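Source file model.txt; content: compact mmCIF, C-alpha atoms.
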```
# COMPACT_ATOMS: atom_id res chain seq x y z
CA MET S 1 -35.47 22.55 181.15
CA LYS S 2 -38.11 24.96 182.42
CA GLN S 3 -41.16 22.73 182.79
CA LEU S 4 -44.18 23.42 184.95
CA ARG S 5 -45.87 20.73 186.99
CA GLN S 6 -49.55 20.43 186.14
CA LEU S 7 -52.30 18.32 187.67
CA SER S 8 -54.85 16.64 185.45
CA LEU S 9 -57.96 14.90 186.71
CA PHE S 10 -61.05 13.31 185.26
CA ILE S 11 -64.31 14.83 186.39
CA GLU S 12 -67.87 13.88 185.60
CA ASN S 13 -69.61 16.04 183.03
CA ARG S 14 -72.34 17.26 185.39
CA PRO S 15 -73.29 20.47 187.16
CA GLY S 16 -71.14 21.11 190.22
CA ALA S 17 -68.20 18.88 189.28
CA ILE S 18 -65.73 21.74 188.78
CA SER S 19 -67.07 23.54 191.86
CA GLU S 20 -66.18 20.51 193.98
CA VAL S 21 -62.58 20.68 192.84
CA CYS S 22 -62.45 24.41 193.52
CA ARG S 23 -63.92 23.96 197.01
CA VAL S 24 -61.42 21.23 197.90
CA LEU S 25 -58.55 23.46 196.80
CA ARG S 26 -60.01 26.50 198.58
CA ASP S 27 -60.40 24.55 201.82
CA ALA S 28 -56.77 23.42 201.54
CA GLY S 29 -55.62 27.01 200.97
CA ILE S 30 -54.45 26.32 197.41
CA ASN S 31 -54.55 29.04 194.77
CA ILE S 32 -55.38 28.13 191.17
CA TYR S 33 -53.26 30.04 188.65
CA ALA S 34 -54.59 28.44 185.49
CA MET S 35 -57.36 26.03 184.66
CA SER S 36 -58.44 24.33 181.49
CA VAL S 37 -61.23 21.86 180.90
CA ALA S 38 -61.83 19.67 177.88
CA ASP S 39 -65.06 17.75 177.88
CA THR S 40 -66.83 14.87 176.26
CA ARG S 41 -70.41 13.80 176.75
CA GLU S 42 -69.69 11.90 179.98
CA PHE S 43 -66.51 13.30 181.52
CA GLY S 44 -64.01 16.10 181.35
CA ILE S 45 -60.30 16.48 181.85
CA LEU S 46 -59.49 19.33 184.18
CA ARG S 47 -55.95 20.68 184.03
CA LEU S 48 -54.61 22.88 186.82
CA LEU S 49 -51.57 24.99 187.60
CA LEU S 50 -51.48 25.54 191.36
CA ASP S 51 -49.35 27.53 193.78
CA ASP S 52 -48.59 24.32 195.73
CA ILE S 53 -49.04 21.30 193.51
CA ASP S 54 -48.03 18.73 196.15
CA LYS S 55 -50.50 20.03 198.72
CA GLY S 56 -53.21 20.39 196.05
CA ASP S 57 -52.63 16.87 194.81
CA ALA S 58 -52.87 15.46 198.33
CA ALA S 59 -56.09 17.40 199.04
CA LEU S 60 -57.73 16.27 195.81
CA LYS S 61 -56.74 12.63 196.37
CA ALA S 62 -58.07 12.77 199.94
CA ALA S 63 -61.38 14.03 198.50
CA GLY S 64 -61.56 11.02 196.19
CA PHE S 65 -60.27 12.51 192.94
CA ILE S 66 -57.83 10.60 190.78
CA THR S 67 -55.05 12.92 189.71
CA ARG S 68 -52.10 12.70 187.39
CA GLU S 69 -49.12 14.98 187.32
CA ASN S 70 -47.54 15.89 184.01
CA HIS S 71 -45.36 18.64 182.67
CA VAL S 72 -46.11 21.57 180.42
CA LEU S 73 -44.19 24.54 179.04
CA ALA S 74 -45.15 28.17 179.62
CA ILE S 75 -44.27 30.21 176.57
CA SER S 76 -44.18 33.99 176.49
CA VAL S 77 -45.97 35.29 173.41
CA PRO S 78 -46.12 38.87 172.17
CA ASP S 79 -49.56 40.23 173.07
CA CYS S 80 -50.37 41.60 169.63
CA ALA S 81 -52.06 40.52 166.43
CA GLY S 82 -50.05 37.60 165.08
CA GLY S 83 -48.06 36.94 168.27
CA LEU S 84 -49.29 33.37 168.62
CA ALA S 85 -49.04 32.79 164.87
CA GLY S 86 -45.32 33.51 165.17
CA VAL S 87 -44.92 30.76 167.77
CA PHE S 88 -46.83 28.31 165.59
CA GLU S 89 -44.66 29.18 162.60
CA LYS S 90 -41.67 28.08 164.70
CA THR S 91 -43.32 24.87 165.96
CA ASP S 92 -44.35 24.01 162.40
CA ALA S 93 -40.89 24.70 160.99
CA LEU S 94 -39.29 22.61 163.75
CA GLY S 95 -41.74 19.72 163.32
CA ILE S 96 -43.09 20.06 166.87
CA SER S 97 -46.53 18.58 167.52
CA VAL S 98 -48.85 20.33 169.99
CA GLU S 99 -51.06 18.04 172.10
CA TYR S 100 -53.00 20.86 173.76
CA MET S 101 -52.66 24.43 174.96
CA TYR S 102 -54.40 27.05 177.07
CA ALA S 103 -53.75 30.64 178.05
CA ILE S 104 -52.96 32.39 181.30
CA THR S 105 -53.92 36.00 181.74
CA PHE S 106 -52.11 38.19 184.19
CA GLY S 107 -50.34 41.52 183.97
CA ARG S 108 -47.16 40.90 181.99
CA LYS S 109 -47.34 44.19 180.09
CA ASP S 110 -47.07 43.41 176.39
CA LYS S 111 -46.77 39.62 176.72
CA ALA S 112 -49.27 36.79 176.98
CA VAL S 113 -48.48 33.37 178.43
CA ILE S 114 -49.62 30.21 176.69
CA ILE S 115 -49.30 26.80 178.34
CA PHE S 116 -48.33 24.06 175.90
CA ARG S 117 -48.15 20.29 176.11
CA PHE S 118 -46.06 18.88 173.28
CA SER S 119 -45.77 15.28 172.15
CA ASN S 120 -42.06 15.42 173.09
CA GLN S 121 -41.57 17.99 175.86
CA GLN S 122 -37.77 17.73 176.02
CA ALA S 123 -37.21 18.11 172.29
CA ALA S 124 -39.77 20.90 172.05
CA SER S 125 -38.14 22.81 174.89
CA GLU S 126 -34.67 22.51 173.40
CA LYS S 127 -35.72 23.37 169.84
CA LEU S 128 -37.92 26.31 170.84
CA ALA S 129 -35.29 27.79 173.16
CA ALA S 130 -32.70 27.51 170.38
CA ALA S 131 -35.16 29.27 168.04
CA GLY S 132 -35.41 32.20 170.47
CA VAL S 133 -38.79 31.39 172.02
CA GLU S 134 -38.98 32.59 175.63
CA ILE S 135 -39.89 29.69 177.93
CA LEU S 136 -40.89 30.74 181.44
CA SER S 137 -40.26 28.99 184.73
CA ALA S 138 -42.90 28.36 187.38
CA ASP S 139 -41.40 31.16 189.48
CA GLU S 140 -41.98 33.60 186.63
CA ILE S 141 -45.71 32.93 186.46
CA ILE S 142 -46.76 31.57 189.87
CA PRO S 143 -46.04 34.00 192.70
CA ARG S 144 -44.62 32.46 195.88
CA ASP S 145 -45.39 33.87 199.29
```

Represent the structure of the file as structure tokens.
Amino acid sequence: MKQLRQLSLFIENRPGAISEVCRVLRDAGINIYAMSVADTREFGILRLLLDDIDKGDAALKAAGFITRENHVLAISVPDCAGGLAGVFEKTDALGISVEYMYAITFGRKDKAVIIFRFSNQQAASEKLAAAGVEILSADEIIPRD
């Protein structure tokens, strides 16, 4: 299964909280390829796709952040009106529940990349692949030096 490793961490909902994370990763030489934040009144959940997740995780933990690794799927979506609707028609028809999602933008010509977390990653991956949905690997979206 083509899953991507993602780091999630709780951050305080205050000015400068995200900057601290970015500085820690910069100082460790880690590149951020995608970032999503969901907030509440007191805290946020920051989700990251990094070029070196192990090194990024170690740097963030050393700086006092509590991290959690989980897996997500990167799905290639036609970059046109209705492209994402077509993916949701398939998830709906297959009974797949989406926990959250966010987009990555980078030059893939006529395709967009959406990062999905499903309630059952394995089943979602298998059902979507069988339905013809293009699931991308980490190597296809995160360049390696």

| So which one's closest to Ala62 in chain S, S:Pro78, S:Val21, S:Arg47, S:Gly95? Using only C-alpha atoms, please. | S:Val21

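Using all atoms listed in the file, the smallest distance between any of S:Ala28, S:Val113, S:Leu48, S:Val87 and Glu69 in chain S comes from S:Leu48.
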
| request: Find the residues near Leu136 in chain S: any atom within 8 Å, counting all atoms listed in the file, skip ones fewer than 3 places away on the same chain, and give them as a VMD selection string. | output: chain S and resid 2 73 to 76 140 to 141

| field | Counting all atoms listed in the file, the residue of S:Leu25, S:Ala103, S:Val98, S:Ala123 that sits nearest Lys55 in chain S | value | S:Leu25

If you take all atoms listed in the file and a cut-off of 12 Å, which residues of range 72-118 of chain S touch range 128-135 of chain S, and what are their nearest atom pairs and distances in Å to one decimal, in chain and number order, as a tab-separated table?
```
residue	atom	partner	partner_atom	distance
S:Val72	CA	S:Ile135	CA	10.5
S:Leu73	CA	S:Ile135	CA	6.8
S:Ala74	CA	S:Ile135	CA	5.7
S:Ile75	CA	S:Ile135	CA	4.6
S:Ser76	CA	S:Glu134	CA	5.5
S:Val77	CA	S:Glu134	CA	7.8
S:Pro78	CA	S:Glu134	CA	10.1
S:Gly83	CA	S:Val133	CA	11.4
S:Leu84	CA	S:Val133	CA	11.2
S:Gly86	CA	S:Val133	CA	9.7
S:Val87	CA	S:Val133	CA	7.5
S:Phe88	CA	S:Leu128	CA	10.5
S:Glu89	CA	S:Ala131	CA	10.9
S:Lys90	CA	S:Leu128	CA	7.4
S:Thr91	CA	S:Leu128	CA	7.4
S:Asp92	CA	S:Leu128	CA	10.9
S:Ala93	CA	S:Ala131	CA	10.2
S:Leu94	CA	S:Leu128	CA	8.1
S:Gly95	CA	S:Leu128	CA	10.7
S:Ile96	CA	S:Leu128	CA	9.0
S:Lys111	CA	S:Glu134	CA	10.5
S:Ala112	CA	S:Glu134	CA	11.2
S:Val113	CA	S:Ile135	CA	9.4
S:Ile114	CA	S:Ile135	CA	9.8
S:Ile115	CA	S:Ile135	CA	9.9
S:Phe116	CA	S:Ile135	CA	10.3
S:Phe118	CA	S:Leu128	CA	11.3
```

Within 8 Å of range 10-14 of chain S, which residues of range 48-116 of chain S come that close, and what is the closest atom pair and distance in Å for each? Count all atoms listed in the file and give it as CSV.
```
residue,atom,partner,partner_atom,distance
S:Phe65,CA,S:Phe10,CA,7.8
S:Ile66,CA,S:Phe10,CA,6.9
S:Thr67,CA,S:Phe10,CA,7.5
```

| query | Do you have the CA of Ala63 in chain S-CA of Leu4 in chain S distance handy? | reply |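 It comes out at 23.8 Å.
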
| message | So, with only C-alpha atoms as the atoms that count, which of S:Arg68, S:Arg26, S:Lys127, S:Arg41 lies closest to Asp54 in chain S? | response | S:Arg68

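Straight-line separation from CA of Ile53 in chain S to CA of Leu7 in chain S: 7.3 Å.
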
| task | Pick out the closest residue to Gln121 in chain S from this set: S:Lys109, S:Arg23, S:His71, S:Arg5. Count all atoms listed in the file. | result |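 Ranking S:Lys109, S:Arg23, S:His71, S:Arg5 by distance to Gln121 in chain S, first place goes to S:His71.
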
| said: Let me make sure I understand: among S:Cys22, S:Ile142, S:Cys80, S:Ala34, which one has the smallest atom-to-atom distance to Asp52 in chain S if we use all atoms listed in the file? | reply: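 So, comparing all the options, the nearest one is S:Ile142.
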
| note | CA of Ser137 in chain S sits from CA of Asp57 in chain S at a separation of 20.0 Å
